[in-house]
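For reference, the structure is listed below as structure tokens.
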Amino acid sequence: MASRSCANFLDLASGSLLDIPHTPRPLPRVMTVPGIISDLDGYGSNDGDSDVCHERKIIVANMLPLHAQRDKVTAKWCFSLDEDALLLHLKDGFSPETEVIYVGSLKVEIDASEQEEVAQKLLEDFNCVPTFLPHDLHKKFYHGFCKQQLWPLFHYMLPMCPDHGDRFDRVLWQAYVSANKIFADKVREVINPDDDYVWVQDYHLMVLPTFLRKRFHRVKLGFFLHSPFPSSEIYRTLPVRDEILRGLLNCDLIGFQTFDYARHFLSCCSRMLGLDYESKRGHIGLDYSGRTVYIKILPVGVHMGRLESVLNLHSTSAKIKEIQKQFEGKKLILGVDDMDIFKGISLKFLAVEQLLQQHPELQGKLVLVQIVNPARSTGKDVQEAKRETYLTAERINETYGSPNYEPVILIDRPVARYEKSAYYAVAECCIVNAVRDGMNLVPYKYIVCRQGTPHMDKETGMNLVSPPTSMLVVSEFIGCSPSLSGAIRVNPWDTDAVAEALNLAITMPNSEKQLRHEKHYRYVSSHDVAYWARSFMHDLDRACKDHYSKRCWGIGLGLGFRVVSLSPSFRKLSIDHIVSTYKRTTRRAIFLDYDGTVVPQSSIIKSPSPEVISVLSTLCSDPKNTVFIVSGRGRSSLSEWLAPCERLGIAAEHGYFMRWNESTKWESCNLAADLDWKKVVEPVMRLYTETTDGSNIEIKESALVWHHQDADPDFGSCQAKELMDHLENVLANEPAVVKRGQHIVEVKPQGVSKGLVAEKVLSTMVNDGKPPDFVMCIGDDRSDEDMFEGIFRTISSPSLSMSPEIFACTVGQKPSKAKYYLDDTTDVVRLLQGLATASNPKPRYIAQIQENIWVIDLNQWKLVADMIFCWSLNWFKPLEEGEWEIEVSARMVINGDEDLVFQERSIFGANYLTNFRFADVVAVVHTE
């Protein structure tokens, strides 16, 4: 199999675990979708000669949908499709032209000497790519981490003691990661990342998306979780919780069986990674490094055609007749479950025992047939569950049975599909009593089999006299429960309630049973496995539609890797670039937010550092600059903290108060003189503060702010939304506006915003005959977006004859109206220091020697014409006795454009100074 992977230079920096050799590609890429292709992005192409491009889906799962056995004569491996496999059924949801490739493991171990031959055969005959995990690795991966740690945890079982679940084992986790990497490598061998869709199945492969996204930044990647996802209180106990969450977030679409499972996942992302989510036109989306990760909630369905074909078998009809004869005159209740501790089989038996005890008239007339599927895992828990099941069944049969009657019939052997279908068709009621389960398709299969087919009805005589009926008793803790509104939902732990539910199910009038059955059958038949697959792929296509309209690059090491995806015009602000522009300009306006911009948002100390004070003072002392701090904080705090910066302008409370420097008086906004609404708002906020632990109220002169950053994330967010709705209702006729920000709900006067501050400052500069030629604005939150918008609106005014250089910059890589970003406050301070250095006023004793000119031969320097090298001694001052500090810089001027190419600041002692020669190093180069 030829590899279609490509080079990703980030692997060189991030210590990539993917060790497939890079193959250079001589031909250029041709884009089929408008947009931008990152130079660092992976790409690939089909190796065939065909010009026709067929849509391909790559389905990745733990096991391939194949049966395998050795031929007794030739000793060769023989393979056949598993007609009952879900992975095979989902193909019905794709168009006939779609090529489906399966990647996964085989259920048998293949010797290393046979693996290449088997792999080639499986690819050619079945479009399957086997992973061939080594035996020891597979044991630690599947039976170890998956079945002993992830599976119990996802079903709410914590390893509280050594006898109750297995403790976290780092060796098993490493095996899980290694296995996921092998699966990803196999996907890379066959993928065309520009066109193919990859759909990863279930909890066995939750970090695979990270490996795949690391190689192909724009891969179209979906994931569906077939098991439950636990609440954050359970999930947070997993030591590798962040790695798994980030693995899933490297997908474009994540599917869950129920809203509860999706809600738990979103809560984990919020609490552990600090991510926000919102509903976007009916679709839930998580913003993750500029990418939107969509959440889909849709339960898996059954394959209607497969079930009906089994019902039409002669063996099925024969078995139905046999069962009808065996249980003639009795009410048959059916249970079909795997043998494990979460299926609640023993609890089901206890409920039947309770039913027989409370309703003696049912003794001899009620039979529970329990079919037990083989256990999918091994261990003492399974053995204990099996032992308890048998003991309970024996006790019930001894108490309520007779020589010709057993109230509980336990079928613990391999049961053919036709035999199960026959029991489904005959049973008057089906009970699924699991204490925790993923989807569980048993109720769906039961409904379809009870509906029957014309052929089956003719063969058996069923449903000929009266319409089909069915009754379901389902646990409220299984995935299919929300979609079966006509079922009787029960708490499996409440045996009395389950017993009464069973009694209600078998005594309910046939007319009501018929209505419930019809409702269920309409849903099951219209939401089959093809509908599930088609709907998932449709949403995956929608989630990937903007892959080529954004710039992508990868950041992070190991399993912390993620792709940042932002607008092509949105880029990191280069300090050298802005400093160069800064030096060329003479009328500059600088707007800076406070919290989260010059002071870290997470810092307990809210006063500015001495470093920030020094930088601001230097920028303010430059007569070419007009510098403003624009903040939501009160004017008293800002005045106190920024007192050393005498020439600094301050706009407090989002511009309600404003002053140009320390010597001028505060001006208040004329838009909102009436603040009587505060008397209405404060009592409401106090009510929510009392009921929300960790919240508090900040009282400003013009505004009130409710903070909930220290409250429970989910409850605080819920309360903030409720508070916002409450305040909007009571302030409907007041001159105030309610705004929601990061962990805050703020009420402020109508019309007041940071944008008005920027507009006022810029308009004043224009009216004074000093229109700005340089505007810089840096902020980090939603209120600063108003400032960016206000600047762009003012600059586009016709009163400005010449547009200034604008540097609107947000802090953090996120969607913004700004065109630039800086990573954090450290970057902001570093940028301001660069500007301050360029703006540092020169002492009167500065020695400048830029006037001297030195003519240099062109051939000697091999320079182009009209190029000027300017070396200058910028300043020279004594520090201590016998020491001097100097700064020397070099500039290159090409056709009038100047750029700083060298700068050095050094401290020289007396001995060094005597040997230091300041040459006349300004050079003018001529063509001849």
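Letters A, B, ... go to the chains of the structure tokens in the order shown; residues in each chain start at 1; ligands are counted from 1 in the same order.
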Open item on the list: Give me, as a ChimeraX atom specification, the residues of range 487-721 of chain A that a backbone DSSP run labels helix (DSSP H, G or I).
Closed with: /A:495-507,510-526,529-543,547-549,558-560,575-584,610-621,635-641,653-655,678-691,713-721
Open item on the list: Using only C-alpha atoms, which protein or nucleic acid residues come within 6 Å of Glu746 in chain A? Drop anything in the same chain fewer than 5 positions from it, and give the result as a PyMOL selection string.
Closed with: chain A and resi 704-705+738-739
Those selected residues, please, written with N, CA and C atoms and delivered as a PDB file, in the first residue's frame.
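File produced: out-v8.pdb:
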```pdb
ATOM      1  N   LEU A 704     -23.022  48.635  37.651  1.00  0.00           N
ATOM      2  CA  LEU A 704     -22.988  47.545  38.621  1.00  0.00           C
ATOM      3  C   LEU A 704     -22.572  46.284  37.872  1.00  0.00           C
ATOM      4  N   VAL A 705     -21.663  45.522  38.473  1.00  0.00           N
ATOM      5  CA  VAL A 705     -21.137  44.319  37.820  1.00  0.00           C
ATOM      6  C   VAL A 705     -21.287  43.140  38.762  1.00  0.00           C
ATOM      7  N   VAL A 738     -27.864  45.855  29.612  1.00  0.00           N
ATOM      8  CA  VAL A 738     -27.291  44.703  30.318  1.00  0.00           C
ATOM      9  C   VAL A 738     -26.349  43.990  29.359  1.00  0.00           C
ATOM     10  N   LYS A 739     -25.110  43.823  29.772  1.00  0.00           N
ATOM     11  CA  LYS A 739     -24.100  43.158  28.951  1.00  0.00           C
ATOM     12  C   LYS A 739     -23.531  41.963  29.708  1.00  0.00           C
TER      13      LYS A 739
END
```
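Proximity ranking of A:Ser475, A:Thr258, A:Thr292, A:Ser839 relative to Asp546 in chain A places A:Thr292 first, based on only C-alpha atoms.
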TODO: Compile the contact shell of Gln357 in chain A as a PyMOL selection string: residues with an atom at most 10 Å away, counting only C-alpha atoms, same-chain residues fewer than 5 positions apart removed.
DONE: chain A and resi 351-352+362-363+399-400+499
- [ ] Find the residues near Glu109 in chain A: any atom within 9 Å, counting only C-alpha atoms, skip ones fewer than 5 places away on the same chain, and give them as a ChimeraX atom specification.
- [x] /A:132-135
TODO: Extract, using only C-alpha atoms, all DNA, RNA and protein residues at most 12 Å from Pro467 in chain A, discarding same-chain residues fewer than 6 positions from it, and format them as a PyMOL selection string.
DONE: chain A and resi 450-452+457+461+510-518
Task: Residues near Leu158 in chain A, cut-off 12 Å, only C-alpha atoms, skip fewer than 4 positions along chain, as a list of chain:residue names - done: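 Non-adjacent residues within range: A:Gln148, A:Gln149, A:Leu150, A:Trp151, A:Pro152, A:Leu153, A:Phe154, A:Pro162, A:Asp163, A:His164, A:Gly165, A:Asp166, A:Arg167, A:Phe168, A:Pro230, A:Glu233, A:Ile234, A:Tyr235, A:Arg236, A:Thr237, A:Leu238.
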Write the selection just made, keeping N, CA, C and O atoms, as a compact mmCIF listing (two decimals), in the first residue's frame?
```txt
# COMPACT_ATOMS: atom_id res chain seq x y z
N GLN A 148 -10.56 -2.37 31.60
CA GLN A 148 -10.38 -2.33 33.05
C GLN A 148 -10.44 -0.91 33.61
O GLN A 148 -10.67 -0.73 34.81
N GLN A 149 -10.21 0.10 32.76
CA GLN A 149 -10.17 1.46 33.29
C GLN A 149 -11.18 2.38 32.62
O GLN A 149 -12.01 3.00 33.30
N LEU A 150 -11.15 2.50 31.30
CA LEU A 150 -12.09 3.41 30.64
C LEU A 150 -13.53 2.92 30.73
O LEU A 150 -14.44 3.69 31.09
N TRP A 151 -13.76 1.67 30.38
CA TRP A 151 -15.13 1.16 30.33
C TRP A 151 -15.82 1.22 31.69
O TRP A 151 -16.95 1.72 31.79
N PRO A 152 -15.20 0.78 32.79
CA PRO A 152 -15.86 0.94 34.10
C PRO A 152 -16.08 2.40 34.47
O PRO A 152 -17.14 2.76 34.99
N LEU A 153 -15.10 3.24 34.21
CA LEU A 153 -15.23 4.66 34.57
C LEU A 153 -16.36 5.31 33.80
O LEU A 153 -17.16 6.09 34.36
N PHE A 154 -16.47 5.01 32.51
CA PHE A 154 -17.53 5.60 31.69
C PHE A 154 -18.91 5.08 32.09
O PHE A 154 -19.92 5.67 31.75
N PRO A 162 -8.95 -1.76 45.92
CA PRO A 162 -8.39 -2.74 44.98
C PRO A 162 -9.37 -3.82 44.56
O PRO A 162 -9.28 -4.36 43.47
N ASP A 163 -10.35 -4.16 45.43
CA ASP A 163 -11.32 -5.20 45.09
C ASP A 163 -12.49 -4.66 44.26
O ASP A 163 -13.37 -5.42 43.87
N HIS A 164 -12.50 -3.36 44.03
CA HIS A 164 -13.62 -2.75 43.29
C HIS A 164 -13.05 -1.91 42.15
O HIS A 164 -12.87 -0.71 42.26
N GLY A 165 -12.75 -2.56 41.04
CA GLY A 165 -12.17 -1.86 39.90
C GLY A 165 -10.65 -1.79 40.00
O GLY A 165 -10.06 -1.97 41.06
N ASP A 166 -10.00 -1.55 38.87
CA ASP A 166 -8.54 -1.49 38.81
C ASP A 166 -8.07 -0.05 38.85
O ASP A 166 -8.64 0.82 38.18
N ARG A 167 -7.03 0.20 39.61
CA ARG A 167 -6.46 1.54 39.71
C ARG A 167 -5.75 1.92 38.41
O ARG A 167 -5.35 1.06 37.62
N PHE A 168 -5.59 3.21 38.23
CA PHE A 168 -4.94 3.70 37.01
C PHE A 168 -3.51 3.18 36.93
O PHE A 168 -2.75 3.24 37.89
N PRO A 230 -19.42 9.95 31.18
CA PRO A 230 -19.81 10.20 32.57
C PRO A 230 -19.86 11.68 32.91
O PRO A 230 -19.33 12.52 32.18
N GLU A 233 -17.95 14.97 37.53
CA GLU A 233 -17.48 14.52 38.85
C GLU A 233 -16.84 13.15 38.78
O GLU A 233 -15.93 12.84 39.56
N ILE A 234 -17.30 12.32 37.85
CA ILE A 234 -16.71 11.00 37.66
C ILE A 234 -15.49 11.11 36.73
O ILE A 234 -14.41 10.59 37.04
N TYR A 235 -15.68 11.78 35.62
CA TYR A 235 -14.61 11.83 34.62
C TYR A 235 -13.36 12.52 35.14
O TYR A 235 -12.24 12.14 34.78
N ARG A 236 -13.52 13.51 36.00
CA ARG A 236 -12.37 14.28 36.46
C ARG A 236 -11.40 13.44 37.30
O ARG A 236 -10.27 13.86 37.57
N THR A 237 -11.80 12.24 37.73
CA THR A 237 -10.90 11.38 38.50
C THR A 237 -9.87 10.71 37.62
O THR A 237 -8.91 10.13 38.12
N LEU A 238 -10.05 10.75 36.30
CA LEU A 238 -9.11 10.11 35.38
C LEU A 238 -7.83 10.93 35.27
O LEU A 238 -7.88 12.11 34.90
```
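Counting only C-alpha atoms, the residue from A:Ser270, A:Glu83, A:Glu428, A:Gln601 that sits nearest to Phe327 in chain A is A:Glu428.
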- [ ] Find the residue from A:Asp169, A:Glu728, A:Glu805, A:Asp185 that sits nearest to His577 in chain A; use only C-alpha atoms when measuring.
- [x]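 The shortest atom-to-atom distance to His577 in chain A comes from A:Glu805.
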Write out as a PDB file with all heavy atoms, in the first residue's frame all residues of range 674-754 of chain A that backbone DSSP assigns to strand (DSSP E or B).
```pdb
ATOM      1  N   ASN A 696     -19.957  37.777  43.510  1.00  0.00           N
ATOM      2  CA  ASN A 696     -19.903  39.042  44.235  1.00  0.00           C
ATOM      3  C   ASN A 696     -20.313  40.183  43.322  1.00  0.00           C
ATOM      4  O   ASN A 696     -20.353  40.024  42.092  1.00  0.00           O
ATOM      5  CB  ASN A 696     -18.499  39.290  44.810  1.00  0.00           C
ATOM      6  CG  ASN A 696     -17.452  39.409  43.722  1.00  0.00           C
ATOM      7  OD1 ASN A 696     -17.235  40.483  43.161  1.00  0.00           O
ATOM      8  ND2 ASN A 696     -16.792  38.288  43.405  1.00  0.00           N
ATOM      9  N   ILE A 697     -20.607  41.345  43.936  1.00  0.00           N
ATOM     10  CA  ILE A 697     -21.034  42.525  43.192  1.00  0.00           C
ATOM     11  C   ILE A 697     -19.942  43.586  43.266  1.00  0.00           C
ATOM     12  O   ILE A 697     -19.403  43.865  44.337  1.00  0.00           O
ATOM     13  CB  ILE A 697     -22.345  43.109  43.763  1.00  0.00           C
ATOM     14  CG1 ILE A 697     -23.456  42.063  43.741  1.00  0.00           C
ATOM     15  CG2 ILE A 697     -22.780  44.338  42.973  1.00  0.00           C
ATOM     16  CD1 ILE A 697     -24.726  42.519  44.420  1.00  0.00           C
ATOM     17  N   GLU A 698     -19.614  44.165  42.136  1.00  0.00           N
ATOM     18  CA  GLU A 698     -18.709  45.304  42.070  1.00  0.00           C
ATOM     19  C   GLU A 698     -19.558  46.551  41.796  1.00  0.00           C
ATOM     20  O   GLU A 698     -20.247  46.629  40.785  1.00  0.00           O
ATOM     21  CB  GLU A 698     -17.671  45.115  40.964  1.00  0.00           C
ATOM     22  CG  GLU A 698     -16.709  46.285  40.846  1.00  0.00           C
ATOM     23  CD  GLU A 698     -15.781  46.165  39.649  1.00  0.00           C
ATOM     24  OE1 GLU A 698     -15.862  45.138  38.935  1.00  0.00           O
ATOM     25  OE2 GLU A 698     -14.980  47.099  39.426  1.00  0.00           O
ATOM     26  N   ILE A 699     -19.488  47.504  42.722  1.00  0.00           N
ATOM     27  CA  ILE A 699     -20.289  48.715  42.599  1.00  0.00           C
ATOM     28  C   ILE A 699     -19.411  49.843  42.064  1.00  0.00           C
ATOM     29  O   ILE A 699     -18.412  50.222  42.683  1.00  0.00           O
ATOM     30  CB  ILE A 699     -20.904  49.113  43.952  1.00  0.00           C
ATOM     31  CG1 ILE A 699     -21.813  47.986  44.469  1.00  0.00           C
ATOM     32  CG2 ILE A 699     -21.699  50.409  43.818  1.00  0.00           C
ATOM     33  CD1 ILE A 699     -22.401  48.250  45.841  1.00  0.00           C
ATOM     34  N   LEU A 704     -23.022  48.635  37.651  1.00  0.00           N
ATOM     35  CA  LEU A 704     -22.988  47.545  38.621  1.00  0.00           C
ATOM     36  C   LEU A 704     -22.572  46.284  37.872  1.00  0.00           C
ATOM     37  O   LEU A 704     -23.080  46.001  36.786  1.00  0.00           O
ATOM     38  CB  LEU A 704     -24.357  47.345  39.267  1.00  0.00           C
ATOM     39  CG  LEU A 704     -24.844  48.472  40.189  1.00  0.00           C
ATOM     40  CD1 LEU A 704     -26.299  48.243  40.576  1.00  0.00           C
ATOM     41  CD2 LEU A 704     -23.981  48.572  41.423  1.00  0.00           C
ATOM     42  N   VAL A 705     -21.663  45.522  38.473  1.00  0.00           N
ATOM     43  CA  VAL A 705     -21.137  44.319  37.820  1.00  0.00           C
ATOM     44  C   VAL A 705     -21.287  43.140  38.762  1.00  0.00           C
ATOM     45  O   VAL A 705     -20.895  43.211  39.934  1.00  0.00           O
ATOM     46  CB  VAL A 705     -19.652  44.487  37.433  1.00  0.00           C
ATOM     47  CG1 VAL A 705     -19.195  43.289  36.608  1.00  0.00           C
ATOM     48  CG2 VAL A 705     -19.428  45.772  36.667  1.00  0.00           C
ATOM     49  N   TRP A 706     -21.879  42.055  38.243  1.00  0.00           N
ATOM     50  CA  TRP A 706     -21.997  40.811  39.004  1.00  0.00           C
ATOM     51  C   TRP A 706     -20.941  39.829  38.488  1.00  0.00           C
ATOM     52  O   TRP A 706     -20.940  39.454  37.326  1.00  0.00           O
ATOM     53  CB  TRP A 706     -23.402  40.218  38.808  1.00  0.00           C
ATOM     54  CG  TRP A 706     -23.694  39.041  39.690  1.00  0.00           C
ATOM     55  CD1 TRP A 706     -23.943  39.052  41.027  1.00  0.00           C
ATOM     56  CD2 TRP A 706     -23.789  37.668  39.277  1.00  0.00           C
ATOM     57  NE1 TRP A 706     -24.187  37.788  41.489  1.00  0.00           N
ATOM     58  CE2 TRP A 706     -24.101  36.911  40.432  1.00  0.00           C
ATOM     59  CE3 TRP A 706     -23.651  37.015  38.065  1.00  0.00           C
ATOM     60  CZ2 TRP A 706     -24.270  35.529  40.398  1.00  0.00           C
ATOM     61  CZ3 TRP A 706     -23.809  35.639  38.017  1.00  0.00           C
ATOM     62  CH2 TRP A 706     -24.121  34.903  39.168  1.00  0.00           C
ATOM     63  N   HIS A 707     -20.011  39.429  39.362  1.00  0.00           N
ATOM     64  CA  HIS A 707     -18.906  38.533  39.000  1.00  0.00           C
ATOM     65  C   HIS A 707     -19.219  37.116  39.480  1.00  0.00           C
ATOM     66  O   HIS A 707     -19.679  36.922  40.602  1.00  0.00           O
ATOM     67  CB  HIS A 707     -17.601  38.992  39.647  1.00  0.00           C
ATOM     68  CG  HIS A 707     -17.120  40.322  39.177  1.00  0.00           C
ATOM     69  ND1 HIS A 707     -16.213  40.466  38.152  1.00  0.00           N
ATOM     70  CD2 HIS A 707     -17.420  41.583  39.589  1.00  0.00           C
ATOM     71  CE1 HIS A 707     -15.970  41.754  37.958  1.00  0.00           C
ATOM     72  NE2 HIS A 707     -16.681  42.457  38.819  1.00  0.00           N
ATOM     73  N   ALA A 736     -30.614  52.065  30.487  1.00  0.00           N
ATOM     74  CA  ALA A 736     -29.489  51.208  30.883  1.00  0.00           C
ATOM     75  C   ALA A 736     -29.467  49.987  29.986  1.00  0.00           C
ATOM     76  O   ALA A 736     -30.485  49.579  29.417  1.00  0.00           O
ATOM     77  CB  ALA A 736     -29.606  50.798  32.351  1.00  0.00           C
ATOM     78  N   VAL A 737     -28.290  49.379  29.866  1.00  0.00           N
ATOM     79  CA  VAL A 737     -28.123  48.209  29.022  1.00  0.00           C
ATOM     80  C   VAL A 737     -27.443  47.111  29.831  1.00  0.00           C
ATOM     81  O   VAL A 737     -26.578  47.385  30.676  1.00  0.00           O
ATOM     82  CB  VAL A 737     -27.298  48.543  27.758  1.00  0.00           C
ATOM     83  CG1 VAL A 737     -25.900  49.001  28.126  1.00  0.00           C
ATOM     84  CG2 VAL A 737     -27.241  47.355  26.809  1.00  0.00           C
ATOM     85  N   VAL A 738     -27.864  45.855  29.612  1.00  0.00           N
ATOM     86  CA  VAL A 738     -27.291  44.703  30.318  1.00  0.00           C
ATOM     87  C   VAL A 738     -26.349  43.990  29.359  1.00  0.00           C
ATOM     88  O   VAL A 738     -26.740  43.607  28.255  1.00  0.00           O
ATOM     89  CB  VAL A 738     -28.391  43.735  30.795  1.00  0.00           C
ATOM     90  CG1 VAL A 738     -27.776  42.611  31.628  1.00  0.00           C
ATOM     91  CG2 VAL A 738     -29.451  44.478  31.583  1.00  0.00           C
ATOM     92  N   LYS A 739     -25.110  43.823  29.772  1.00  0.00           N
ATOM     93  CA  LYS A 739     -24.100  43.158  28.951  1.00  0.00           C
ATOM     94  C   LYS A 739     -23.531  41.963  29.708  1.00  0.00           C
ATOM     95  O   LYS A 739     -23.322  42.028  30.920  1.00  0.00           O
ATOM     96  CB  LYS A 739     -22.954  44.119  28.602  1.00  0.00           C
ATOM     97  CG  LYS A 739     -23.347  45.280  27.697  1.00  0.00           C
ATOM     98  CD  LYS A 739     -23.434  44.831  26.255  1.00  0.00           C
ATOM     99  CE  LYS A 739     -23.621  46.015  25.315  1.00  0.00           C
ATOM    100  NZ  LYS A 739     -23.717  45.592  23.912  1.00  0.00           N
ATOM    101  N   ARG A 740     -23.271  40.895  28.966  1.00  0.00           N
ATOM    102  CA  ARG A 740     -22.632  39.723  29.555  1.00  0.00           C
ATOM    103  C   ARG A 740     -21.225  39.598  29.003  1.00  0.00           C
ATOM    104  O   ARG A 740     -21.037  39.600  27.778  1.00  0.00           O
ATOM    105  CB  ARG A 740     -23.429  38.465  29.261  1.00  0.00           C
ATOM    106  CG  ARG A 740     -22.903  37.248  30.013  1.00  0.00           C
ATOM    107  CD  ARG A 740     -23.803  36.049  29.859  1.00  0.00           C
ATOM    108  NE  ARG A 740     -23.245  34.888  30.530  1.00  0.00           N
ATOM    109  CZ  ARG A 740     -23.762  33.672  30.485  1.00  0.00           C
ATOM    110  NH1 ARG A 740     -24.877  33.470  29.796  1.00  0.00           N
ATOM    111  NH2 ARG A 740     -23.184  32.663  31.116  1.00  0.00           N
ATOM    112  N   GLY A 741     -20.250  39.500  29.889  1.00  0.00           N
ATOM    113  CA  GLY A 741     -18.862  39.334  29.484  1.00  0.00           C
ATOM    114  C   GLY A 741     -18.293  38.049  30.052  1.00  0.00           C
ATOM    115  O   GLY A 741     -19.034  37.133  30.426  1.00  0.00           O
ATOM    116  N   ILE A 744     -18.951  37.706  33.924  1.00  0.00           N
ATOM    117  CA  ILE A 744     -19.597  38.877  34.505  1.00  0.00           C
ATOM    118  C   ILE A 744     -20.937  39.144  33.829  1.00  0.00           C
ATOM    119  O   ILE A 744     -21.169  38.721  32.693  1.00  0.00           O
ATOM    120  CB  ILE A 744     -18.728  40.153  34.408  1.00  0.00           C
ATOM    121  CG1 ILE A 744     -18.572  40.575  32.943  1.00  0.00           C
ATOM    122  CG2 ILE A 744     -17.398  39.990  35.101  1.00  0.00           C
ATOM    123  CD1 ILE A 744     -18.059  41.981  32.761  1.00  0.00           C
ATOM    124  N   VAL A 745     -21.814  39.824  34.570  1.00  0.00           N
ATOM    125  CA  VAL A 745     -23.003  40.457  34.009  1.00  0.00           C
ATOM    126  C   VAL A 745     -22.953  41.910  34.457  1.00  0.00           C
ATOM    127  O   VAL A 745     -22.907  42.187  35.657  1.00  0.00           O
ATOM    128  CB  VAL A 745     -24.303  39.790  34.494  1.00  0.00           C
ATOM    129  CG1 VAL A 745     -25.521  40.568  34.004  1.00  0.00           C
ATOM    130  CG2 VAL A 745     -24.371  38.346  34.022  1.00  0.00           C
ATOM    131  N   GLU A 746     -22.914  42.822  33.508  1.00  0.00           N
ATOM    132  CA  GLU A 746     -22.745  44.236  33.827  1.00  0.00           C
ATOM    133  C   GLU A 746     -23.940  45.041  33.339  1.00  0.00           C
ATOM    134  O   GLU A 746     -24.461  44.811  32.242  1.00  0.00           O
ATOM    135  CB  GLU A 746     -21.466  44.774  33.184  1.00  0.00           C
ATOM    136  CG  GLU A 746     -21.193  46.238  33.507  1.00  0.00           C
ATOM    137  CD  GLU A 746     -19.839  46.718  32.996  1.00  0.00           C
ATOM    138  OE1 GLU A 746     -19.291  46.048  32.102  1.00  0.00           O
ATOM    139  OE2 GLU A 746     -19.349  47.730  33.486  1.00  0.00           O
ATOM    140  N   VAL A 747     -24.368  45.975  34.186  1.00  0.00           N
ATOM    141  CA  VAL A 747     -25.405  46.928  33.805  1.00  0.00           C
ATOM    142  C   VAL A 747     -24.768  48.312  33.807  1.00  0.00           C
ATOM    143  O   VAL A 747     -24.192  48.738  34.812  1.00  0.00           O
ATOM    144  CB  VAL A 747     -26.595  46.894  34.783  1.00  0.00           C
ATOM    145  CG1 VAL A 747     -27.700  47.840  34.297  1.00  0.00           C
ATOM    146  CG2 VAL A 747     -27.136  45.489  34.920  1.00  0.00           C
ATOM    147  N   LYS A 748     -24.853  49.000  32.676  1.00  0.00           N
ATOM    148  CA  LYS A 748     -24.235  50.312  32.547  1.00  0.00           C
ATOM    149  C   LYS A 748     -25.156  51.232  31.754  1.00  0.00           C
ATOM    150  O   LYS A 748     -26.119  50.770  31.130  1.00  0.00           O
ATOM    151  CB  LYS A 748     -22.879  50.186  31.857  1.00  0.00           C
ATOM    152  CG  LYS A 748     -22.923  49.605  30.455  1.00  0.00           C
ATOM    153  CD  LYS A 748     -21.518  49.477  29.882  1.00  0.00           C
ATOM    154  CE  LYS A 748     -21.563  48.919  28.463  1.00  0.00           C
ATOM    155  NZ  LYS A 748     -20.220  48.805  27.874  1.00  0.00           N
ATOM    156  N   PRO A 749     -24.873  52.528  31.775  1.00  0.00           N
ATOM    157  CA  PRO A 749     -25.740  53.463  31.054  1.00  0.00           C
ATOM    158  C   PRO A 749     -25.794  53.167  29.565  1.00  0.00           C
ATOM    159  O   PRO A 749     -24.808  52.736  28.957  1.00  0.00           O
ATOM    160  CB  PRO A 749     -25.079  54.825  31.331  1.00  0.00           C
ATOM    161  CG  PRO A 749     -24.295  54.627  32.567  1.00  0.00           C
ATOM    162  CD  PRO A 749     -23.821  53.216  32.537  1.00  0.00           C
TER     163      PRO A 749
END
```
Open item on the list: Using only C-alpha atoms for the distances, tell me which of A:Asn433, A:Gln120, A:Gln719, A:Thr810 is nearest to Leu687 in chain A.
Closed with: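 Nearest candidate to Leu687 in chain A out of A:Asn433, A:Gln120, A:Gln719, A:Thr810: A:Gln719.
Using only C-alpha atoms, the shortest contact distance between Thr210 in chain A and any of A:Gly558, A:Pro193, A:Asp242, A:Ser267 is found at A:Gly558.
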